[in-house]
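Q: The following block contains the structure, expressed as structure tokens.
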Amino acid sequence: MSGSPPPEGGFVRRVGLFQATAINMSQMCGIGPFVTIPLMVAAFGGPQAVIGFIAGALLALADGLIWAELGAAMPGSGGSYVYLRQAFQYRTGRLMPFLFVWTAMLFIPLIMSTGVVGFVQYLGYLAPDMGETTGDLVGLGMIVLVIALLWRGIEHIARITAVMWAVMITSVLLVIVAAATDFSADLAFTYPAHAFDLTSNHFWLGFAAGLTIGIYDYLGYNTTAYMGAEIKDPGRTLPRSIIYSILGIMTIYLLLQIGTLGVIDWHRMTDPNDIASTSVASAVLEKTWGKGAADTVTVLILITAFASVFTGLLGGSRVPYDAARERVFFRPYAKLHPKHRFPMLGLATMGVVTAIGFLIGRHTDLATLIQLLTTVMILVQALAQIAAVTVLRRRQPTLRRPYKMWLYPVPSLVALVGWLVIYGYADKNSPGRHPIEWSLAWLALGIVAYALWARFEKVWPFAPKEITEEYLTAPTPDAEPAEA
């Protein structure tokens with residue numbers, strides 16, 4: 001198989017719809033639901049926790065339509081970097097794309113670090129005597145292996161991802177089927193008093209915490225947008241891969257959540273001394289099909305966790321590449337591997353940050369780590385992209401848009417409300433951790449860094465703005481010949 005030749009030694013478009021959807025779904029699912037179901041139950045205080053996954057799906061779908069329109073219109077490497085560069089160049093020059101890359105170099109690998117934490121957590125089911133130091137070394141070794149596997153051409157990675165996607169689907173389906181064989185409606189649908197009291201502040205605190213956990217579980221629906229320059233027929237493939245992956249994972253999550261609650265008493269999931277609070281899927285298998293089946297499926301879950309970190313670093317490592325080429329980030333990040341055409345320094349840097357985040361997450365609270373990385377992401381990516389869709393429709397009305405957001409601007413408004421709820425409740429759901437303050441401090445530090453960088457590079461505000469509307473005149477990648 002051969003792809004279209006890379007322009008000027010750049011990326012090659014070799015990832016098709018199935019592979020793109022598999023990449024998204026592998027990153028979305030991963031270890032997430034297996035470690036966050038107990039967190040979701042604790043947030044809501046009962047089986048009504050399913051509300052969190054439904055709310056997370058609605059927010060992911062609304063936000064996913066924003067990614068779909070932007071990604072189809074501007075299928076470049078880096079995702080948000082490209083969209084923010086195009087939308088905000090008219091008023092603030094390169095500030096917004098710089099801040100995005102500054103922030104993404106933190107929050108993307110932090111998301112991956114939670115996957116490594118979950119990997120070690122489930123490994124503890126198979127090796128209950130594993131010590132803390134051993135767990136740390138295993139997690140670090142996993143990160144090294146991921147980087148080694150990613151140090152190769154995209155065509156090989158696409159095949160590896162398809163295999164990992166199949167393992168992920170198998171592990172999830174086995175848990176769902178096992179739960180169905182011993183399902184108790186009384187356990188799944190018996191709610192505590194005042195579970196749905198909408199006048200209670202406790203309900204809304206739980207909802208905000210659950211929405212945060214829910215959207216964290218769906219994060220990854222945008223992975224292929226970061227790889228826009230490597231997607232075949234991106235005008236059709238990118239939107240479809242985003243929408244298909246969200247709908248598929250939503251179905252899986254609801255079956256998994258309800259099935260788990262129908263087998264394991266939710267009180268067990270909130271008991272830190274119970275195996276159901278750390279390895280709930282293994283507990284389901286052990287109760288329904290026995291210890292041997294639980295051990296087997298736990299191995300599949302570990303492979304799934306590995307796949308999520310693999311695909312996350314695959315997409316995330318592309319983020320600083322375009323920024324460096326445009327002189328909005330350190331120039332060495334623009335260098336591709338001479339043979340395999342992938343960004344070496346971006347991959348290596350995010351691997352290091354993932355390792356640091358893993359060690360931090362191992363010795364703090366996982367829910368708090370999720371809260372911290374989410375608040376950082378909201379300011380510079382989620383809210384900024386909502387604005388970018390509207391700005392680009394006004395500033396570049398003739399931009400070719402193979403996909404236009406359904407029911408515009410309703411999805412943008414739904415996404416805006418959802419992200420603001422998560423951000424507004426962050427401090428209340430993480431008392432003593434101050435995620436809002438940390439996110440604002442990181443943003444302020446990024447602005448200072450931009451000012452120093454802009455002065456060195458002699459760009460706005462120390463030089464006139466440079467307006468580059470390359471996607472208005474660029475040839476459409478949809479016109480490239482398909483692979484044989």
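Convention: chains lettered A, B, ... in structure tokens order; per-chain residue numbering from 1; ligands numbered from 1 as shown.
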Could you build a table of the residues in stretch 156-273 of chain A lying no more than 10 Å from stretch 109-133 of chain A, giving for each the nearest pair of atoms and their separation in Å rounded to one decimal place, using only C-alpha atoms, ordered by chain and ascending residue number, as CSV?

A:
```
residue,atom,partner,partner_atom,distance
A:Tyr216,CA,A:Ile111,CA,8.4
A:Leu219,CA,A:Ile111,CA,8.7
A:Gly220,CA,A:Ile111,CA,9.7
```

Q: Please identify the helix (DSSP H, G or I) residues within stretch 184-387 of chain A (assignment by DSSP from backbone atoms) and present them as a PyMOL selection string.

A: chain A and resi 185-189+201-218+223-226+228-230+234-261+266-269+275-277+280-289+291-316+319-325+331-334+344-362+366-387

Q: Separation of atom CA of A:Ile370 and atom CA of A:Val297, in Å?

A: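 Spanning atom CA of A:Ile370 to atom CA of A:Val297 is a straight-line distance of 25.5 Å.
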
Q: Report, in Å to a single decimal, how far apart atom CA of A:Gln19 and atom CA of A:Ser80 are.

A: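 According to the coordinates, atom CA of A:Ser80 and atom CA of A:Gln19 are separated by 21.0 Å.
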
Q: In stretch 227-431 of chain A, what's strand (DSSP E or B) per DSSP? Answer as number ranges by chain?

A: A: 227, 231, 336, 343

Q: What separation in Å, quoted to one decimal, exists between atom CA of A:Ala73 and atom CA of A:Lys404?

A: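 Between these atoms lies a distance of 9.0 Å.
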
Q: Quick one: residues within 12 Å of A:Gln27, only C-alpha atoms, excluding same-chain residues fewer than 3 positions away - as a PDB file with N, CA, C and O atoms, in the first residue's frame?

A:
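Result file part09.pdb:
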```
ATOM      1  N   ALA A  20      -8.916   5.492  11.769  1.00  0.00           N
ATOM      2  CA  ALA A  20      -9.113   6.749  12.495  1.00  0.00           C
ATOM      3  C   ALA A  20     -10.109   6.571  13.635  1.00  0.00           C
ATOM      4  O   ALA A  20      -9.897   7.054  14.755  1.00  0.00           O
ATOM      5  N   THR A  21     -11.212   5.875  13.363  1.00  0.00           N
ATOM      6  CA  THR A  21     -12.205   5.614  14.413  1.00  0.00           C
ATOM      7  C   THR A  21     -11.612   4.735  15.508  1.00  0.00           C
ATOM      8  O   THR A  21     -11.864   4.952  16.697  1.00  0.00           O
ATOM      9  N   ALA A  22     -10.813   3.751  15.104  1.00  0.00           N
ATOM     10  CA  ALA A  22     -10.164   2.874  16.084  1.00  0.00           C
ATOM     11  C   ALA A  22      -9.201   3.656  16.967  1.00  0.00           C
ATOM     12  O   ALA A  22      -9.125   3.425  18.183  1.00  0.00           O
ATOM     13  N   ILE A  23      -8.450   4.575  16.371  1.00  0.00           N
ATOM     14  CA  ILE A  23      -7.527   5.409  17.146  1.00  0.00           C
ATOM     15  C   ILE A  23      -8.298   6.212  18.178  1.00  0.00           C
ATOM     16  O   ILE A  23      -7.936   6.270  19.368  1.00  0.00           O
ATOM     17  N   ASN A  24      -9.393   6.851  17.759  1.00  0.00           N
ATOM     18  CA  ASN A  24     -10.205   7.638  18.691  1.00  0.00           C
ATOM     19  C   ASN A  24     -10.778   6.766  19.805  1.00  0.00           C
ATOM     20  O   ASN A  24     -10.701   7.108  20.993  1.00  0.00           O
ATOM     21  N   GLY A  30      -9.845   2.959  26.674  1.00  0.00           N
ATOM     22  CA  GLY A  30      -8.678   2.676  27.485  1.00  0.00           C
ATOM     23  C   GLY A  30      -9.045   2.164  28.865  1.00  0.00           C
ATOM     24  O   GLY A  30      -9.964   1.384  29.049  1.00  0.00           O
ATOM     25  N   ILE A  31      -8.346   2.654  29.846  1.00  0.00           N
ATOM     26  CA  ILE A  31      -8.583   2.240  31.226  1.00  0.00           C
ATOM     27  C   ILE A  31      -9.658   3.095  31.892  1.00  0.00           C
ATOM     28  O   ILE A  31     -10.155   2.753  32.961  1.00  0.00           O
ATOM     29  N   GLY A  32     -10.032   4.207  31.221  1.00  0.00           N
ATOM     30  CA  GLY A  32     -10.915   5.200  31.833  1.00  0.00           C
ATOM     31  C   GLY A  32     -12.115   4.671  32.586  1.00  0.00           C
ATOM     32  O   GLY A  32     -12.217   4.826  33.810  1.00  0.00           O
ATOM     33  N   PRO A  33     -13.080   4.024  31.903  1.00  0.00           N
ATOM     34  CA  PRO A  33     -14.293   3.600  32.613  1.00  0.00           C
ATOM     35  C   PRO A  33     -14.021   2.562  33.685  1.00  0.00           C
ATOM     36  O   PRO A  33     -14.760   2.482  34.683  1.00  0.00           O
ATOM     37  N   ILE A 108      -2.101  17.158  27.843  1.00  0.00           N
ATOM     38  CA  ILE A 108      -2.176  15.914  27.072  1.00  0.00           C
ATOM     39  C   ILE A 108      -1.402  14.784  27.760  1.00  0.00           C
ATOM     40  O   ILE A 108      -1.952  13.700  27.991  1.00  0.00           O
ATOM     41  N   ILE A 111      -3.184  13.551  30.897  1.00  0.00           N
ATOM     42  CA  ILE A 111      -4.258  12.604  30.615  1.00  0.00           C
ATOM     43  C   ILE A 111      -3.685  11.203  30.434  1.00  0.00           C
ATOM     44  O   ILE A 111      -4.219  10.213  30.939  1.00  0.00           O
ATOM     45  N   MET A 112      -2.571  11.117  29.712  1.00  0.00           N
ATOM     46  CA  MET A 112      -1.934   9.821  29.510  1.00  0.00           C
ATOM     47  C   MET A 112      -1.443   9.227  30.835  1.00  0.00           C
ATOM     48  O   MET A 112      -1.487   8.025  31.043  1.00  0.00           O
ATOM     49  N   GLY A 115      -3.900   7.166  32.585  1.00  0.00           N
ATOM     50  CA  GLY A 115      -4.008   5.828  32.024  1.00  0.00           C
ATOM     51  C   GLY A 115      -2.961   4.891  32.574  1.00  0.00           C
ATOM     52  O   GLY A 115      -3.224   3.710  32.831  1.00  0.00           O
ATOM     53  N   THR A 161      -2.558  -0.120  16.068  1.00  0.00           N
ATOM     54  CA  THR A 161      -3.731   0.469  16.701  1.00  0.00           C
ATOM     55  C   THR A 161      -4.985  -0.345  16.413  1.00  0.00           C
ATOM     56  O   THR A 161      -5.836  -0.520  17.292  1.00  0.00           O
ATOM     57  N   ALA A 162      -5.124  -0.846  15.195  1.00  0.00           N
ATOM     58  CA  ALA A 162      -6.302  -1.644  14.851  1.00  0.00           C
ATOM     59  C   ALA A 162      -6.367  -2.907  15.711  1.00  0.00           C
ATOM     60  O   ALA A 162      -7.448  -3.308  16.175  1.00  0.00           O
ATOM     61  N   MET A 164      -5.005  -3.251  18.755  1.00  0.00           N
ATOM     62  CA  MET A 164      -5.307  -2.823  20.115  1.00  0.00           C
ATOM     63  C   MET A 164      -6.787  -2.470  20.262  1.00  0.00           C
ATOM     64  O   MET A 164      -7.399  -2.712  21.306  1.00  0.00           O
ATOM     65  N   TRP A 165      -7.357  -1.878  19.199  1.00  0.00           N
ATOM     66  CA  TRP A 165      -8.787  -1.551  19.224  1.00  0.00           C
ATOM     67  C   TRP A 165      -9.608  -2.826  19.385  1.00  0.00           C
ATOM     68  O   TRP A 165     -10.572  -2.865  20.152  1.00  0.00           O
ATOM     69  N   MET A 168      -9.439  -3.943  22.929  1.00  0.00           N
ATOM     70  CA  MET A 168     -10.254  -3.063  23.771  1.00  0.00           C
ATOM     71  C   MET A 168     -11.730  -3.443  23.686  1.00  0.00           C
ATOM     72  O   MET A 168     -12.405  -3.593  24.707  1.00  0.00           O
ATOM     73  N   TYR A 216     -13.985  13.333  31.009  1.00  0.00           N
ATOM     74  CA  TYR A 216     -12.645  12.743  31.025  1.00  0.00           C
ATOM     75  C   TYR A 216     -12.674  11.368  30.358  1.00  0.00           C
ATOM     76  O   TYR A 216     -11.773  11.022  29.577  1.00  0.00           O
ATOM     77  N   ASP A 217     -13.718  10.578  30.638  1.00  0.00           N
ATOM     78  CA  ASP A 217     -13.821   9.253  30.037  1.00  0.00           C
ATOM     79  C   ASP A 217     -14.015   9.310  28.524  1.00  0.00           C
ATOM     80  O   ASP A 217     -13.647   8.371  27.813  1.00  0.00           O
ATOM     81  N   TYR A 218     -14.611  10.397  28.035  1.00  0.00           N
ATOM     82  CA  TYR A 218     -14.831  10.523  26.589  1.00  0.00           C
ATOM     83  C   TYR A 218     -13.678  11.226  25.878  1.00  0.00           C
ATOM     84  O   TYR A 218     -13.631  11.225  24.641  1.00  0.00           O
ATOM     85  N   LEU A 219     -12.785  11.867  26.615  1.00  0.00           N
ATOM     86  CA  LEU A 219     -11.671  12.560  25.967  1.00  0.00           C
ATOM     87  C   LEU A 219     -10.897  11.587  25.078  1.00  0.00           C
ATOM     88  O   LEU A 219     -10.613  10.457  25.472  1.00  0.00           O
ATOM     89  N   GLY A 220     -10.568  12.063  23.891  1.00  0.00           N
ATOM     90  CA  GLY A 220      -9.912  11.217  22.909  1.00  0.00           C
ATOM     91  C   GLY A 220     -10.677  11.190  21.606  1.00  0.00           C
ATOM     92  O   GLY A 220     -10.146  10.755  20.570  1.00  0.00           O
ATOM     93  N   TYR A 221     -11.934  11.676  21.625  1.00  0.00           N
ATOM     94  CA  TYR A 221     -12.711  11.735  20.385  1.00  0.00           C
ATOM     95  C   TYR A 221     -12.072  12.689  19.380  1.00  0.00           C
ATOM     96  O   TYR A 221     -12.420  12.673  18.196  1.00  0.00           O
ATOM     97  N   ASN A 222     -11.120  13.498  19.832  1.00  0.00           N
ATOM     98  CA  ASN A 222     -10.457  14.465  18.964  1.00  0.00           C
ATOM     99  C   ASN A 222      -9.043  14.034  18.569  1.00  0.00           C
ATOM    100  O   ASN A 222      -8.313  14.798  17.951  1.00  0.00           O
ATOM    101  N   THR A 223      -8.631  12.823  18.910  1.00  0.00           N
ATOM    102  CA  THR A 223      -7.242  12.411  18.668  1.00  0.00           C
ATOM    103  C   THR A 223      -6.870  12.518  17.197  1.00  0.00           C
ATOM    104  O   THR A 223      -5.787  12.996  16.844  1.00  0.00           O
ATOM    105  N   THR A 224      -7.753  12.095  16.295  1.00  0.00           N
ATOM    106  CA  THR A 224      -7.422  12.139  14.876  1.00  0.00           C
ATOM    107  C   THR A 224      -7.350  13.568  14.345  1.00  0.00           C
ATOM    108  O   THR A 224      -6.706  13.810  13.319  1.00  0.00           O
ATOM    109  N   ILE A 242     -14.910  11.142  14.456  1.00  0.00           N
ATOM    110  CA  ILE A 242     -15.267  11.781  15.728  1.00  0.00           C
ATOM    111  C   ILE A 242     -16.663  11.366  16.172  1.00  0.00           C
ATOM    112  O   ILE A 242     -16.875  10.914  17.308  1.00  0.00           O
ATOM    113  N   SER A 245     -17.045   7.487  16.850  1.00  0.00           N
ATOM    114  CA  SER A 245     -16.373   7.051  18.077  1.00  0.00           C
ATOM    115  C   SER A 245     -17.141   7.481  19.320  1.00  0.00           C
ATOM    116  O   SER A 245     -17.241   6.713  20.282  1.00  0.00           O
ATOM    117  N   ILE A 246     -17.725   8.674  19.310  1.00  0.00           N
ATOM    118  CA  ILE A 246     -18.504   9.128  20.470  1.00  0.00           C
ATOM    119  C   ILE A 246     -19.747   8.272  20.654  1.00  0.00           C
ATOM    120  O   ILE A 246     -20.051   7.812  21.772  1.00  0.00           O
ATOM    121  N   ILE A 249     -18.685   4.673  21.833  1.00  0.00           N
ATOM    122  CA  ILE A 249     -18.220   4.629  23.224  1.00  0.00           C
ATOM    123  C   ILE A 249     -19.358   4.929  24.190  1.00  0.00           C
ATOM    124  O   ILE A 249     -19.427   4.354  25.287  1.00  0.00           O
ATOM    125  N   THR A 304      -5.738  -2.841  27.005  1.00  0.00           N
ATOM    126  CA  THR A 304      -6.569  -1.699  26.645  1.00  0.00           C
ATOM    127  C   THR A 304      -5.991  -0.408  27.218  1.00  0.00           C
ATOM    128  O   THR A 304      -5.958   0.632  26.536  1.00  0.00           O
ATOM    129  N   ALA A 305      -5.541  -0.456  28.452  1.00  0.00           N
ATOM    130  CA  ALA A 305      -4.922   0.723  29.067  1.00  0.00           C
ATOM    131  C   ALA A 305      -3.667   1.126  28.305  1.00  0.00           C
ATOM    132  O   ALA A 305      -3.429   2.315  28.054  1.00  0.00           O
ATOM    133  N   PHE A 306      -2.897   0.141  27.924  1.00  0.00           N
ATOM    134  CA  PHE A 306      -1.691   0.407  27.143  1.00  0.00           C
ATOM    135  C   PHE A 306      -2.053   1.079  25.821  1.00  0.00           C
ATOM    136  O   PHE A 306      -1.405   2.032  25.390  1.00  0.00           O
ATOM    137  N   ALA A 307      -3.127   0.593  25.175  1.00  0.00           N
ATOM    138  CA  ALA A 307      -3.556   1.139  23.889  1.00  0.00           C
ATOM    139  C   ALA A 307      -3.958   2.601  24.005  1.00  0.00           C
ATOM    140  O   ALA A 307      -3.690   3.410  23.111  1.00  0.00           O
ATOM    141  N   SER A 308      -4.617   2.957  25.111  1.00  0.00           N
ATOM    142  CA  SER A 308      -5.068   4.340  25.271  1.00  0.00           C
ATOM    143  C   SER A 308      -3.882   5.294  25.408  1.00  0.00           C
ATOM    144  O   SER A 308      -3.886   6.394  24.847  1.00  0.00           O
ATOM    145  N   VAL A 309      -2.854   4.877  26.149  1.00  0.00           N
ATOM    146  CA  VAL A 309      -1.655   5.707  26.290  1.00  0.00           C
ATOM    147  C   VAL A 309      -0.925   5.783  24.950  1.00  0.00           C
ATOM    148  O   VAL A 309      -0.440   6.842  24.540  1.00  0.00           O
ATOM    149  N   PHE A 310      -0.874   4.670  24.248  1.00  0.00           N
ATOM    150  CA  PHE A 310      -0.218   4.594  22.945  1.00  0.00           C
ATOM    151  C   PHE A 310      -0.841   5.578  21.955  1.00  0.00           C
ATOM    152  O   PHE A 310      -0.157   6.394  21.341  1.00  0.00           O
ATOM    153  N   THR A 311      -2.169   5.517  21.795  1.00  0.00           N
ATOM    154  CA  THR A 311      -2.831   6.386  20.823  1.00  0.00           C
ATOM    155  C   THR A 311      -2.832   7.840  21.281  1.00  0.00           C
ATOM    156  O   THR A 311      -2.771   8.755  20.456  1.00  0.00           O
ATOM    157  N   GLY A 312      -2.892   8.080  22.601  1.00  0.00           N
ATOM    158  CA  GLY A 312      -2.881   9.448  23.103  1.00  0.00           C
ATOM    159  C   GLY A 312      -1.572  10.151  22.826  1.00  0.00           C
ATOM    160  O   GLY A 312      -1.544  11.305  22.381  1.00  0.00           O
ATOM    161  N   LEU A 313      -0.464   9.454  23.052  1.00  0.00           N
ATOM    162  CA  LEU A 313       0.842  10.052  22.765  1.00  0.00           C
ATOM    163  C   LEU A 313       1.093  10.132  21.263  1.00  0.00           C
ATOM    164  O   LEU A 313       1.796  11.034  20.792  1.00  0.00           O
ATOM    165  N   LEU A 314       0.497   9.210  20.511  1.00  0.00           N
ATOM    166  CA  LEU A 314       0.596   9.276  19.058  1.00  0.00           C
ATOM    167  C   LEU A 314       0.023  10.590  18.537  1.00  0.00           C
ATOM    168  O   LEU A 314       0.668  11.317  17.775  1.00  0.00           O
ATOM    169  N   GLY A 315      -1.195  10.927  18.955  1.00  0.00           N
ATOM    170  CA  GLY A 315      -1.818  12.159  18.496  1.00  0.00           C
ATOM    171  C   GLY A 315      -1.221  13.394  19.147  1.00  0.00           C
ATOM    172  O   GLY A 315      -0.956  14.398  18.483  1.00  0.00           O
ATOM    173  N   GLY A 316      -0.998  13.330  20.446  1.00  0.00           N
ATOM    174  CA  GLY A 316      -0.509  14.492  21.178  1.00  0.00           C
ATOM    175  C   GLY A 316       0.869  14.937  20.757  1.00  0.00           C
ATOM    176  O   GLY A 316       1.177  16.140  20.756  1.00  0.00           O
TER     177      GLY A 316
END
```

Q: Distance table requested - stretch 199-285 of chain A against stretch 36-44 of chain A, cut-off 8 Å, only C-alpha atoms: one row per qualifying residue with the closest atom pair and its distance in Å to one decimal, ordered by chain and rising residue number, as CSV.

A:
```
residue,atom,partner,partner_atom,distance
A:Phe203,CA,A:Phe44,CA,7.1
A:Gly206,CA,A:Phe44,CA,4.8
A:Phe207,CA,A:Phe44,CA,6.8
A:Ala209,CA,A:Ala43,CA,6.1
A:Gly210,CA,A:Met40,CA,5.6
A:Ile213,CA,A:Met40,CA,6.7
A:Gly214,CA,A:Met40,CA,7.9
A:Asp217,CA,A:Thr36,CA,7.8
A:Gln257,CA,A:Ile37,CA,6.7
A:Trp266,CA,A:Val41,CA,6.9
A:Met269,CA,A:Pro38,CA,5.0
A:Thr270,CA,A:Ala42,CA,5.7
A:Ala276,CA,A:Pro38,CA,7.7
A:Ser277,CA,A:Pro38,CA,5.6
A:Thr278,CA,A:Pro38,CA,7.6
A:Val280,CA,A:Pro38,CA,7.4
```

Q: Please identify every residue of stretch 164-243 of chain A that has at least one atom no farther than 12 Å from an atom of stretch 288-294 of chain A, counting only C-alpha atoms, and for each give the shortest atom pair and the distance in Å to one decimal, arranged by chain then increasing number, as JSON lines.

A:
```
{"residue": "A:Ser171", "atom": "CA", "partner": "A:Ala294", "partner_atom": "CA", "distance": 10.7}
{"residue": "A:Leu174", "atom": "CA", "partner": "A:Ala293", "partner_atom": "CA", "distance": 9.6}
{"residue": "A:Val175", "atom": "CA", "partner": "A:Ala294", "partner_atom": "CA", "distance": 9.2}
{"residue": "A:Ile176", "atom": "CA", "partner": "A:Thr288", "partner_atom": "CA", "distance": 11.1}
{"residue": "A:Val177", "atom": "CA", "partner": "A:Thr288", "partner_atom": "CA", "distance": 9.9}
{"residue": "A:Ala178", "atom": "CA", "partner": "A:Thr288", "partner_atom": "CA", "distance": 6.2}
{"residue": "A:Ala179", "atom": "CA", "partner": "A:Thr288", "partner_atom": "CA", "distance": 7.0}
{"residue": "A:Ala180", "atom": "CA", "partner": "A:Thr288", "partner_atom": "CA", "distance": 9.2}
{"residue": "A:Thr181", "atom": "CA", "partner": "A:Thr288", "partner_atom": "CA", "distance": 7.1}
{"residue": "A:Asp182", "atom": "CA", "partner": "A:Thr288", "partner_atom": "CA", "distance": 6.2}
{"residue": "A:Phe183", "atom": "CA", "partner": "A:Thr288", "partner_atom": "CA", "distance": 9.3}
{"residue": "A:Ser184", "atom": "CA", "partner": "A:Thr288", "partner_atom": "CA", "distance": 11.8}
```

Q: A:Ala323, A:Ala185, A:Leu255, A:Leu302: which is nearest A:Val167, counting only C-alpha atoms?

A: A:Leu302

Q: Can you tell me, as a PyMOL selection string, what residues are no more than 12 Å from stretch 427-429 of chain A when counting only C-alpha atoms, ignoring any on the same chain fewer than 5 positions away?

A: chain A and resi 42-44+201-202+204-213+367-372+374-375+421-422+434-439

Q: Considering only C-alpha atoms, state which residue in the set A:Arg236, A:Arg325, A:His363, A:Arg85 is at the smallest distance from A:Tyr471.

A: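 Closest to A:Tyr471 of all the choices is A:Arg85.
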